[in-house]
Amino acid sequence: MKKNSTAKIGPKFEQRIENGETGVAFLEFVIVFPVLMLIFLAFVDFGRYAYTKNIVEAAANRALLLASTIEGLEDEPGAEGSRHEEAKARVEAVALDFVLGTFLSQDEGSYAKLEGLPELVIPKASIGQSIRQVLQSEPMVVEIDAVIVPFLPVLPLLSIKGKSVGFREPSSDVSLPIPVDCLGNPAGSDSFYDYCPCEGANEKWEASTRACKSCGVGGEVRTSGTSCSCSNELCQAEMGPNSYVAYSGGLCPCKCPSGLSTDSAGECSCPEGKNVVGSGSSSKCNCADDDEWTDARCQDEYTPVNAVATSDLCGCKCAAVTCGTYMMQTNLAGGCGCVCWNGNLETKDGGTRCDCKNPETCQNDRFYLNRGDCKCKCKFSCTNGTMQDDCSCKCDDGSVRTSDSCPAPKTEEPPVEEEEEGGASE
Amino acid sequence: MRARTERACSNVVGERGSCMMEFAIVVPILVFTLFSGIETVRALGAYLRMTQISYEGARLAASLPGLEEYVFYADPVPNKQRELREKIYLVIDEYTLDTSEITVLTEHIRTSIGGEPENHVTVQLQADYQPLFGFGFPSLPITVSSTSPYLFPDA
């Protein structure tokens with residue numbers, strides 16, 4: 001017997017087909033499923049956040065507990081045999097080990113990773129205060145930063161900070177010695193580390209850093225005790241035996257005497273071809289073969305009779321001569337004579353003066369002959385007007401001037417508007 | 001089309017709008033539940049942080065030499081007890097808490113109950129949790145305390 005096909009799928013489904021509701025459940029599932037997934041992932045991320053927070057807090061607590069009791073943390077940082085840094089590093093290592101023992105890691109690609117390294121923050125000691133005193137009065141802080149990448153795509157990176165704050169356990173050893181400075185001044189006293197004698201000759205005590213500091217050359221001048229003094233020896237050790245120290249405005253700069261300058265090695269020395277005579281501030285430069293340069297040798301070597309020896313140049317130069325009008329003196333290479341200013345001029349009167357070869361004829365006495373180019377130039381300038389060809393000045397008001405410029409035009413003041421009295425009239 | 005819309009919530013004729021009614025009833029409940037969850041988590045966080053601070057305070061108190069015998073509300077507060085409280089306030093200052101100002105109380109008791117000598121210190125913190133959402137959520141009083149044996153014997 002052949003069965004009806006609708007009988008196989010049941011009467012409910014048959015009714016749904018009649019109502020046009022086929023596929024509704026699937027459609028509802030498609031709509032609801034992403035929402036459910038988002039809620040699910042949000043719960044997962046919240047759980048991961050809470051768990052990670054718990055881990056970093058626990059790590060910070062454990063590290064702080066160690067910091068409150070570990071030996072060496074109260075040693076003065078930087079002091080000889082101090083275990084301060086070692087103790088601090090150990091506390092931070094404990095926190096790091098704790099965190100890395102969980103699912104947190106330091107890998108960049110990790111979904112839950114540490115940001116930086118755990119840090120033990122110890123309050124800063126002020127001058128005259130030992131670190132032991134600071135740790136008794138201020139709390140320490142252990143900080144750990146972590147970040148998790150959420151599974152829920154719409155969430156940003158979740159930053160998590162683990163923090164634990166607490167005090168160093170007070171020591172029951174009340175007989176601990178009170179720290180003293182180099183002169184035996186106890187910590188907390190007004191003079192604690194105010195001054196310590198320095199061993200080096202060129203050092204002074206610097207109270208702000210509680211250390212000896214090299215004065216350096218040209219250091220500050222101070223009274224003895226915390227002093228850096230001016231001394232030629234310091235300069236000469238730095239800039240050679242020809243230098244000296246010059247006290248100036250509380251400073252001791254090193255200088256070279258006149259004629260000497262610092263060379264490439266930073267020492268005071270003479271120019272090439274000269275020798276240093278003397279030392280310190282009295283040293284000066286003399287020519288290396290000063291005695292061999294004489295006037296006769298110069299006249300022989302350079303021919304001109306007026307060549308003379310000079311100690312400035314360690315050689316020869318022309319002796320000063322008087323040249324005629326529009327003439328100038330030449331140097332050794334020019335024969336130590338007199339020549340005309342330029343090529344437009346020529347010697348006149350038996351070579352005693354120079355003048356233009358082809359002088360321009362000037363129109364009137366308002367011109368003068370310029371010996372540079374041998375052209376006529378006006379003796380005066382024409383401002384506030386127009387210069388004419390005959391060297392006269394035509395002013396804007398029509399007048400002509402032959403010896404000076406035109407007067408400046410008067411600036412007209414804007415007319416003052418009289419206020420109408422009586423307000424608006426008809 | 002109209003028939004399908006009606007069927008989405010009810011198959012019974014005359015029940016149009018029931019879906020909206022249900023939604024209007026459920027949404028406030030859901031919102032209240034959500035906000036309650038957030039407030040609970042924040043309050044719990046504040047409670048845990050205060051617990052941690054009180055633990056830290058008790059640890060400090062236990063190792064602080066010369067702590068006077070004293071009960072929570074006695075007046076005046078002795079010097080060492082005051083110093084202890086000030087240090088605990090310094091720790092509190094390092095944290096950001098969702099509470100009103102915290103009151104720190106300390107106690108050091110030396111006694112003998114039933115022949116057993118007692119020598120312990122207690123640190124108690126009191127504050128009100130401040131709700132994030134103002135509507136309807138009360139400020140929750142939080143009191144935490146930690147007790148530790150005092151490390152120093154009778155003087």
# chains A, B, ... in the order shown; residues from 1 in each chain; ligands from 1
$ interface_residues --of "chain A" --to "chain B" --cutoff "7 Å" --atoms "only C-alpha atoms" --output "ChimeraX atom specification"
/A:139,165-167,169-170,172
$ write_last_selection --atoms "C-alpha atoms" --output "short mmCIF file (atom, residue, chain, number, x, y, z; two decimals), in the first residue's frame"
data_model
loop_
_atom_site.label_atom_id
_atom_site.label_comp_id
_atom_site.auth_asym_id
_atom_site.auth_seq_id
_atom_site.Cartn_x
_atom_site.Cartn_y
_atom_site.Cartn_z
CA PRO A 139 55.58 52.69 51.94
CA VAL A 165 51.72 48.77 48.78
CA GLY A 166 53.29 48.15 52.15
CA PHE A 167 55.93 49.04 54.67
CA GLU A 169 59.00 45.60 58.63
CA PRO A 170 60.46 47.65 61.45
CA SER A 172 63.62 45.18 66.39
#
$ select_by_dssp --residues "chain B" --states "helix (DSSP H, G or I)" --output "number ranges by chain"
B: 2-9, 18-62, 79-93
$ residues_around --residues "Asn79 (chain B)" --least-positions-apart "5" --cutoff "9 Å" --atoms "only C-alpha atoms" --output "JSON, numbers by chain"
{"B": [67, 68, 84]}
$ closest_residue --among "B:Thr106, B:Thr40, B:Ser112, B:Asn119" --to "Lys80 (chain B)" --atoms "only C-alpha atoms"
B:Thr106
$ select_by_dssp --residues "chain B" --states "strand (DSSP E or B)" --output "PyMOL selection string"
chain B and resi 70+99+103-113+116-129+140-149
$ write_last_selection --atoms "N, CA and C atoms" --output "tab-separated table (two decimals), in the first residue's frame"
chain	number	residue	atom	x	y	z
B	70	TYR	N	45.65	49.14	73.70
B	70	TYR	CA	44.67	50.14	73.32
B	70	TYR	C	43.50	49.43	72.65
B	99	THR	N	35.21	53.99	47.28
B	99	THR	CA	34.53	54.08	48.57
B	99	THR	C	34.59	55.51	49.08
B	103	THR	N	37.96	54.92	57.32
B	103	THR	CA	38.34	55.14	58.71
B	103	THR	C	39.19	53.96	59.16
B	104	VAL	N	40.33	54.26	59.72
B	104	VAL	CA	41.23	53.20	60.19
B	104	VAL	C	41.17	53.14	61.72
B	105	LEU	N	40.92	51.97	62.22
B	105	LEU	CA	40.92	51.76	63.67
B	105	LEU	C	41.95	50.69	64.00
B	106	THR	N	42.63	50.86	65.08
B	106	THR	CA	43.63	49.86	65.47
B	106	THR	C	43.38	49.46	66.93
B	107	GLU	N	43.85	48.29	67.25
B	107	GLU	CA	43.62	47.77	68.59
B	107	GLU	C	44.78	46.85	68.98
B	108	HIS	N	45.21	46.97	70.21
B	108	HIS	CA	46.23	46.06	70.72
B	108	HIS	C	45.76	45.57	72.08
B	109	ILE	N	45.58	44.29	72.20
B	109	ILE	CA	45.03	43.74	73.44
B	109	ILE	C	45.99	42.72	74.02
B	110	ARG	N	46.32	42.91	75.27
B	110	ARG	CA	47.07	41.91	76.05
B	110	ARG	C	46.12	41.45	77.15
B	111	THR	N	45.81	40.20	77.16
B	111	THR	CA	44.89	39.72	78.18
B	111	THR	C	45.13	38.23	78.40
B	112	SER	N	44.41	37.70	79.30
B	112	SER	CA	44.53	36.27	79.57
B	112	SER	C	43.12	35.72	79.76
B	113	ILE	N	42.70	34.93	78.78
B	113	ILE	CA	41.36	34.36	78.85
B	113	ILE	C	41.49	32.87	79.10
B	116	GLU	N	44.95	31.28	79.05
B	116	GLU	CA	45.78	31.42	77.85
B	116	GLU	C	46.15	32.90	77.66
B	117	PRO	N	47.40	33.25	77.67
B	117	PRO	CA	47.74	34.66	77.46
B	117	PRO	C	47.48	35.07	76.01
B	118	GLU	N	46.98	36.26	75.84
B	118	GLU	CA	46.73	36.78	74.48
B	118	GLU	C	47.50	38.07	74.30
B	119	ASN	N	48.04	38.22	73.14
B	119	ASN	CA	48.79	39.43	72.81
B	119	ASN	C	48.66	39.63	71.30
B	120	HIS	N	47.61	40.33	70.92
B	120	HIS	CA	47.38	40.46	69.47
B	120	HIS	C	47.00	41.89	69.09
B	121	VAL	N	47.18	42.15	67.81
B	121	VAL	CA	46.81	43.47	67.28
B	121	VAL	C	45.75	43.27	66.19
B	122	THR	N	44.86	44.24	66.09
B	122	THR	CA	43.79	44.18	65.09
B	122	THR	C	43.73	45.52	64.36
B	123	VAL	N	43.58	45.43	63.06
B	123	VAL	CA	43.39	46.64	62.25
B	123	VAL	C	42.03	46.53	61.58
B	124	GLN	N	41.24	47.54	61.76
B	124	GLN	CA	39.88	47.52	61.18
B	124	GLN	C	39.72	48.73	60.26
B	125	LEU	N	39.15	48.48	59.09
B	125	LEU	CA	38.89	49.55	58.12
B	125	LEU	C	37.39	49.65	57.90
B	126	GLN	N	36.90	50.87	57.92
B	126	GLN	CA	35.47	51.10	57.70
B	126	GLN	C	35.28	52.13	56.60
B	127	ALA	N	34.37	51.83	55.68
B	127	ALA	CA	34.05	52.79	54.62
B	127	ALA	C	32.72	52.40	54.01
B	128	ASP	N	32.16	53.30	53.24
B	128	ASP	CA	30.92	53.01	52.50
B	128	ASP	C	31.27	52.86	51.03
B	129	TYR	N	30.78	51.79	50.43
B	129	TYR	CA	30.98	51.63	48.99
B	129	TYR	C	30.10	52.64	48.26
B	140	LEU	N	26.93	50.99	50.24
B	140	LEU	CA	27.05	49.77	51.03
B	140	LEU	C	28.14	49.93	52.08
B	141	PRO	N	27.83	49.79	53.35
B	141	PRO	CA	28.90	49.89	54.35
B	141	PRO	C	29.80	48.65	54.32
B	142	ILE	N	31.10	48.90	54.33
B	142	ILE	CA	32.07	47.80	54.30
B	142	ILE	C	32.94	47.91	55.55
B	143	THR	N	33.07	46.84	56.24
B	143	THR	CA	33.98	46.80	57.39
B	143	THR	C	34.85	45.55	57.27
B	144	VAL	N	36.14	45.75	57.28
B	144	VAL	CA	37.05	44.60	57.22
B	144	VAL	C	38.04	44.73	58.36
B	145	SER	N	38.51	43.63	58.82
B	145	SER	CA	39.52	43.69	59.88
B	145	SER	C	40.46	42.50	59.77
B	146	SER	N	41.69	42.72	60.19
B	146	SER	CA	42.69	41.64	60.22
B	146	SER	C	43.35	41.64	61.59
B	147	THR	N	43.59	40.47	62.08
B	147	THR	CA	44.21	40.33	63.40
B	147	THR	C	45.49	39.51	63.28
B	148	SER	N	46.47	39.90	64.03
B	148	SER	CA	47.74	39.19	63.98
B	148	SER	C	48.33	39.13	65.38
B	149	PRO	N	49.03	38.06	65.71
B	149	PRO	CA	49.72	38.02	67.00
B	149	PRO	C	50.79	39.12	67.05
$ closest_residue --among "A:Glu21, A:Asp355, A:Asp181, A:Asp295" --to "Ala319 (chain A)" --atoms "only C-alpha atoms"
A:Asp295
$ atom_distance --atom1 "CA of Lys357 (chain A)" --atom2 "CA of Cys318 (chain A)"
28.4 Å
$ residues_around --residues "Lys394 (chain A)" --least-positions-apart "6" --cutoff "12 Å" --atoms "only C-alpha atoms" --output "list in words"
Ser381, Cys382, Thr383, Asn384, Gly385, Thr386, Met387, Gln388, Val400, Arg401, Thr402, Ser403, Asp404, Ser405, Cys406 and Pro407 of chain A
$ atom_distance --atom1 "CA of Phe133 (chain B)" --atom2 "CA of Glu39 (chain B)"
7.8 Å
$ residues_around --residues "Ala95 (chain A)" --least-positions-apart "3" --cutoff "8 Å" --atoms "only C-alpha atoms" --output "list of chain:residue names"
A:Ala59, A:Ala60, A:Arg62, A:Ala63, A:Val91, A:Glu92, A:Phe98, A:Val99, A:Pro118
$ residues_around --residues "Gly188 (chain A)" --least-positions-apart "6" --cutoff "9 Å" --atoms "only C-alpha atoms" --output "count of residues only"
3
$ decode --residues "region 35-72 of chain B" --atoms "N, CA and C atoms" --output "mmCIF file, in the first residue's frame"
data_model
loop_
_atom_site.group_PDB
_atom_site.id
_atom_site.type_symbol
_atom_site.label_atom_id
_atom_site.label_comp_id
_atom_site.auth_asym_id
_atom_site.auth_seq_id
_atom_site.Cartn_x
_atom_site.Cartn_y
_atom_site.Cartn_z
ATOM 1 N N PHE B 35 23.180 46.046 35.807
ATOM 2 C CA PHE B 35 23.787 47.049 36.670
ATOM 3 C C PHE B 35 24.101 46.471 38.047
ATOM 4 N N SER B 36 23.197 45.625 38.519
ATOM 5 C CA SER B 36 23.461 44.991 39.818
ATOM 6 C C SER B 36 24.742 44.172 39.761
ATOM 7 N N GLY B 37 24.911 43.480 38.655
ATOM 8 C CA GLY B 37 26.133 42.671 38.492
ATOM 9 C C GLY B 37 27.364 43.542 38.529
ATOM 10 N N ILE B 38 27.308 44.678 37.799
ATOM 11 C CA ILE B 38 28.469 45.581 37.773
ATOM 12 C C ILE B 38 28.745 46.127 39.173
ATOM 13 N N GLU B 39 27.694 46.570 39.848
ATOM 14 C CA GLU B 39 27.884 47.127 41.194
ATOM 15 C C GLU B 39 28.443 46.076 42.154
ATOM 16 N N THR B 40 27.951 44.854 42.013
ATOM 17 C CA THR B 40 28.428 43.782 42.898
ATOM 18 C C THR B 40 29.918 43.548 42.694
ATOM 19 N N VAL B 41 30.318 43.532 41.427
ATOM 20 C CA VAL B 41 31.733 43.289 41.123
ATOM 21 C C VAL B 41 32.592 44.418 41.686
ATOM 22 N N ARG B 42 32.122 45.663 41.522
ATOM 23 C CA ARG B 42 32.907 46.799 42.013
ATOM 24 C C ARG B 42 32.968 46.791 43.543
ATOM 25 N N ALA B 43 31.854 46.507 44.156
ATOM 26 C CA ALA B 43 31.836 46.470 45.616
ATOM 27 C C ALA B 43 32.749 45.363 46.134
ATOM 28 N N LEU B 44 32.712 44.242 45.434
ATOM 29 C CA LEU B 44 33.566 43.126 45.834
ATOM 30 C C LEU B 44 35.045 43.495 45.682
ATOM 31 N N GLY B 45 35.343 44.227 44.577
ATOM 32 C CA GLY B 45 36.723 44.671 44.365
ATOM 33 C C GLY B 45 37.193 45.586 45.484
ATOM 34 N N ALA B 46 36.311 46.536 45.874
ATOM 35 C CA ALA B 46 36.667 47.448 46.971
ATOM 36 C C ALA B 46 36.860 46.680 48.267
ATOM 37 N N TYR B 47 35.988 45.708 48.479
ATOM 38 C CA TYR B 47 36.085 44.893 49.700
ATOM 39 C C TYR B 47 37.420 44.137 49.738
ATOM 40 N N LEU B 48 37.790 43.558 48.580
ATOM 41 C CA LEU B 48 39.038 42.797 48.533
ATOM 42 C C LEU B 48 40.244 43.715 48.766
ATOM 43 N N ARG B 49 40.191 44.905 48.170
ATOM 44 C CA ARG B 49 41.305 45.831 48.332
ATOM 45 C C ARG B 49 41.422 46.267 49.789
ATOM 46 N N MET B 50 40.287 46.535 50.407
ATOM 47 C CA MET B 50 40.322 46.936 51.818
ATOM 48 C C MET B 50 40.825 45.795 52.698
ATOM 49 N N THR B 51 40.461 44.591 52.327
ATOM 50 C CA THR B 51 40.961 43.436 53.071
ATOM 51 C C THR B 51 42.473 43.354 52.975
ATOM 52 N N GLN B 52 42.961 43.595 51.758
ATOM 53 C CA GLN B 52 44.412 43.546 51.549
ATOM 54 C C GLN B 52 45.105 44.624 52.377
ATOM 55 N N ILE B 53 44.524 45.811 52.405
ATOM 56 C CA ILE B 53 45.136 46.905 53.173
ATOM 57 C C ILE B 53 45.099 46.582 54.670
ATOM 58 N N SER B 54 43.996 46.033 55.130
ATOM 59 C CA SER B 54 43.914 45.712 56.561
ATOM 60 C C SER B 54 44.921 44.618 56.918
ATOM 61 N N TYR B 55 45.097 43.666 56.000
ATOM 62 C CA TYR B 55 46.102 42.623 56.219
ATOM 63 C C TYR B 55 47.497 43.251 56.307
ATOM 64 N N GLU B 56 47.752 44.153 55.380
ATOM 65 C CA GLU B 56 49.057 44.829 55.359
ATOM 66 C C GLU B 56 49.248 45.631 56.647
ATOM 67 N N GLY B 57 48.162 46.288 57.086
ATOM 68 C CA GLY B 57 48.228 47.066 58.316
ATOM 69 C C GLY B 57 48.475 46.185 59.524
ATOM 70 N N ALA B 58 47.819 45.039 59.577
ATOM 71 C CA ALA B 58 48.004 44.127 60.707
ATOM 72 C C ALA B 58 49.434 43.591 60.739
ATOM 73 N N ARG B 59 49.956 43.313 59.563
ATOM 74 C CA ARG B 59 51.341 42.831 59.481
ATOM 75 C C ARG B 59 52.310 43.891 59.997
ATOM 76 N N LEU B 60 52.031 45.121 59.602
ATOM 77 C CA LEU B 60 52.863 46.228 60.067
ATOM 78 C C LEU B 60 52.728 46.412 61.579
ATOM 79 N N ALA B 61 51.494 46.349 62.057
ATOM 80 C CA ALA B 61 51.249 46.547 63.491
ATOM 81 C C ALA B 61 51.935 45.464 64.314
ATOM 82 N N ALA B 62 51.889 44.247 63.818
ATOM 83 C CA ALA B 62 52.466 43.130 64.560
ATOM 84 C C ALA B 62 53.966 43.295 64.752
ATOM 85 N N SER B 63 54.614 43.984 63.812
ATOM 86 C CA SER B 63 56.069 44.100 63.882
ATOM 87 C C SER B 63 56.518 45.493 64.335
ATOM 88 N N LEU B 64 55.573 46.286 64.792
ATOM 89 C CA LEU B 64 55.917 47.641 65.242
ATOM 90 C C LEU B 64 56.203 47.606 66.744
ATOM 91 N N PRO B 65 57.464 47.822 67.125
ATOM 92 C CA PRO B 65 57.778 47.740 68.550
ATOM 93 C C PRO B 65 57.175 48.911 69.328
ATOM 94 N N GLY B 66 56.839 48.635 70.571
ATOM 95 C CA GLY B 66 56.370 49.700 71.462
ATOM 96 C C GLY B 66 54.929 50.100 71.265
ATOM 97 N N LEU B 67 54.129 49.247 70.623
ATOM 98 C CA LEU B 67 52.721 49.586 70.391
ATOM 99 C C LEU B 67 51.957 49.504 71.718
ATOM 100 N N GLU B 68 51.297 50.593 72.052
ATOM 101 C CA GLU B 68 50.619 50.647 73.339
ATOM 102 C C GLU B 68 49.389 49.747 73.361
ATOM 103 N N GLU B 69 49.025 49.319 74.546
ATOM 104 C CA GLU B 69 47.786 48.559 74.700
ATOM 105 C C GLU B 69 46.629 49.541 74.513
ATOM 106 N N TYR B 70 45.652 49.139 73.705
ATOM 107 C CA TYR B 70 44.665 50.140 73.316
ATOM 108 C C TYR B 70 43.502 49.427 72.654
ATOM 109 N N VAL B 71 42.288 49.948 72.837
ATOM 110 C CA VAL B 71 41.120 49.398 72.134
ATOM 111 C C VAL B 71 40.593 50.432 71.151
ATOM 112 N N PHE B 72 39.815 49.954 70.191
ATOM 113 C CA PHE B 72 39.433 50.723 69.004
ATOM 114 C C PHE B 72 39.055 52.185 69.258
#
